[in-house]
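Trainee: Take a look at this one; I'll ask things after.
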Amino acid sequence: MSYMRLYNTHIRENGKKRNLFDKVNEIKEKIKVIVPEIDEHKWLIIIHHVRQDYEGKYYYGRAGSSNIKLKLTNTERLIQELLIKEGLNPSTVYRWFLAARVPSDVMYKLRKGLISAKKAYEISVNRKKNQKSGDMVILMETMREIIRRY
């Protein structure tokens with residue numbers, strides 16, 4: 001919740017308000033042009049790595065121990081160059097990508113103004129919890145069935 005400003009789905013660009021989701025889609029299209037072979041589900045991880053490197057915190061290991069500085073892959077470097085060329089801070093882009101992870105039907109209602117951003121976030125978190133809960137019930141039932149057999 002700290003990565004999403006709950007009451008604001010607009011960002012400022014050239015002095016004007018712009019929808020956050022439109023900006024994220026524009027960035028996604030530019031990334032698709034540069035690296036079309038990367039799956040969309042991995043973009044958040046890649047942007048997270050770019051963000052950590054940009055902030056100087058891209059290390060292997062726990063904090064306080066002898067850390068090893070990691071290097072970005074070629075794909076991550078290309079995306080970092082794109083973001084910097086566009087004048088975008090990788091930390092901000094990462095927060096935007098996190099905020100845009102709401103389901104499509106919720107995003108539609110949010111764009112139309114039928115629900116607030118806070119409510120959209122609550123709905124998406126609720127759905128994720130319910131899905132995990134349902135998955136756990138199925139897993140537990142499967143485990144019980146296997147134990148009963150043996």
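Starting from 1 in every chain, residues are counted up; chains themselves are A, B, ... following the order of the structure tokens, and ligands are numbered from 1 as listed.
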Could you give me, as a PyMOL selection string, the residues within 9 Å of stretch 73-75 of chain A, counting only C-alpha atoms and dropping anything in the same chain fewer than 3 positions from it?
Mentor: chain A and resi 34-35+38+46+78-80
Trainee: Got a sec: who's within 8 Å of A:His49, counting only C-alpha atoms, leaving out chain neighbours fewer than 6 positions off, as number ranges by chain?
Mentor: A: 58, 72, 76
Trainee: With a distance cut-off of 12 Å and only C-alpha atoms, select the neighbouring residues of A:Leu70, excluding the residue or stretch itself and same-chain residues fewer than 6 positions from it, and output the selection as a PyMOL selection string.
Mentor: chain A and resi 49-50+52-54+56-61
Trainee: Selection from above, C-alpha atoms, as a short mmCIF file (atom, residue, chain, number, x, y, z; two decimals), in the first residue's frame, can you write it?
Mentor:
data_model
loop_
_atom_site.label_atom_id
_atom_site.label_comp_id
_atom_site.auth_asym_id
_atom_site.auth_seq_id
_atom_site.Cartn_x
_atom_site.Cartn_y
_atom_site.Cartn_z
CA HIS A 49 16.21 -4.78 -10.54
CA VAL A 50 16.68 -1.58 -12.54
CA GLN A 52 17.64 -1.24 -7.12
CA ASP A 53 20.64 -0.62 -9.37
CA TYR A 54 19.60 3.01 -9.90
CA GLY A 56 22.73 1.70 -5.60
CA LYS A 57 21.12 -1.12 -3.60
CA TYR A 58 21.43 -4.04 -6.04
CA TYR A 59 23.35 -6.50 -3.85
CA TYR A 60 23.33 -10.22 -3.21
CA GLY A 61 22.95 -11.23 0.44
#
Trainee: Tell me which of A:Arg149, A:Val102, A:Thr92, A:Tyr108 sits closest to A:Glu55, counting only C-alpha atoms.
Mentor: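 Among the listed residues, A:Thr92 lies closest to A:Glu55.
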Trainee: Let's see if you can do this: from backbone DSSP, list all helix (DSSP H, G or I) residues in stretch 61-103 of chain A, as an MDAnalysis selection string.
Mentor: chainID A and resid 74:85 90:99
Trainee: Quick one: pick out all strand (DSSP E) residues within stretch 20-150 of chain A from a backbone DSSP run and write them as a PyMOL selection string.
Mentor: chain A and resi 59-60+68-69
Trainee: Mind dumping the selected residues with C-alpha atoms as a PDB file, in the first residue's frame?
Mentor:
ATOM      1  CA  TYR A  59      23.351  -6.495  -3.847  1.00  0.00           C
ATOM      2  CA  TYR A  60      23.334 -10.216  -3.209  1.00  0.00           C
ATOM      3  CA  ILE A  68      28.296  -8.750  -3.507  1.00  0.00           C
ATOM      4  CA  LYS A  69      27.300  -6.024  -5.985  1.00  0.00           C
TER       5      LYS A  69
END
Trainee: Just the residues within 12 Å of stretch 22-32 of chain A, please, counting only C-alpha atoms, with nothing from its chain fewer than 5 positions along; format it as an mmCIF file with C-alpha atoms, in the first residue's frame.
Mentor:
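Final file, part_2.cif:
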data_model
loop_
_atom_site.group_PDB
_atom_site.id
_atom_site.type_symbol
_atom_site.label_atom_id
_atom_site.label_comp_id
_atom_site.auth_asym_id
_atom_site.auth_seq_id
_atom_site.Cartn_x
_atom_site.Cartn_y
_atom_site.Cartn_z
ATOM 1 C CA THR A 9 -4.685 7.788 -10.302
ATOM 2 C CA HIS A 10 -3.279 10.734 -12.235
ATOM 3 C CA ILE A 11 0.282 11.871 -12.721
ATOM 4 C CA ARG A 12 1.633 15.172 -13.957
ATOM 5 C CA GLU A 13 3.288 15.326 -17.330
ATOM 6 C CA LYS A 17 -2.685 15.686 -15.350
ATOM 7 C CA GLU A 37 10.775 -11.594 -26.320
ATOM 8 C CA ILE A 38 10.295 -10.828 -22.596
ATOM 9 C CA ASP A 39 6.974 -11.886 -21.063
ATOM 10 C CA GLU A 40 4.898 -9.110 -19.462
ATOM 11 C CA HIS A 41 4.830 -10.958 -16.143
ATOM 12 C CA LYS A 42 8.615 -10.558 -15.825
ATOM 13 C CA TRP A 43 8.636 -6.812 -16.444
ATOM 14 C CA LEU A 44 7.918 -5.960 -12.824
ATOM 15 C CA ILE A 46 13.144 -6.438 -14.312
ATOM 16 C CA ILE A 47 12.040 -2.921 -13.381
ATOM 17 C CA THR A 75 17.816 -6.722 -21.125
ATOM 18 C CA GLU A 76 17.711 -4.845 -17.845
ATOM 19 C CA ARG A 77 20.352 -2.425 -19.102
ATOM 20 C CA LEU A 78 18.300 -1.751 -22.249
ATOM 21 C CA ILE A 79 15.209 -0.997 -20.185
ATOM 22 C CA GLN A 80 17.226 1.229 -17.841
ATOM 23 C CA GLU A 81 18.571 3.187 -20.809
ATOM 24 C CA LEU A 82 15.029 3.577 -22.180
ATOM 25 C CA LEU A 83 13.692 4.918 -18.885
ATOM 26 C CA LYS A 85 16.286 8.490 -22.072
ATOM 27 C CA GLU A 86 12.578 9.164 -21.501
ATOM 28 C CA GLY A 87 13.444 11.166 -18.387
ATOM 29 C CA LEU A 88 11.722 8.730 -16.028
ATOM 30 C CA PRO A 90 13.054 3.880 -12.358
ATOM 31 C CA THR A 92 8.721 6.009 -9.893
ATOM 32 C CA VAL A 93 8.083 3.692 -12.840
ATOM 33 C CA TYR A 94 8.249 0.712 -10.472
ATOM 34 C CA ARG A 95 5.618 2.323 -8.214
ATOM 35 C CA TRP A 96 3.436 2.988 -11.261
ATOM 36 C CA PHE A 97 3.687 -0.635 -12.374
ATOM 37 C CA LEU A 98 2.730 -1.784 -8.868
ATOM 38 C CA ALA A 99 -0.251 0.560 -8.810
ATOM 39 C CA ALA A 100 -1.415 -0.639 -12.236
ATOM 40 C CA ARG A 101 -1.666 -4.285 -11.141
ATOM 41 C CA MET A 107 -9.520 -0.864 -13.861
ATOM 42 C CA ARG A 111 -11.312 4.762 -15.318
#
Trainee: Could you state the separation of atom CA of A:Gln131 and atom CA of A:Ser91 in Å, given to one decimal place?
Mentor: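 Calculated distance between atom CA of A:Gln131 and atom CA of A:Ser91 is 28.7 Å.
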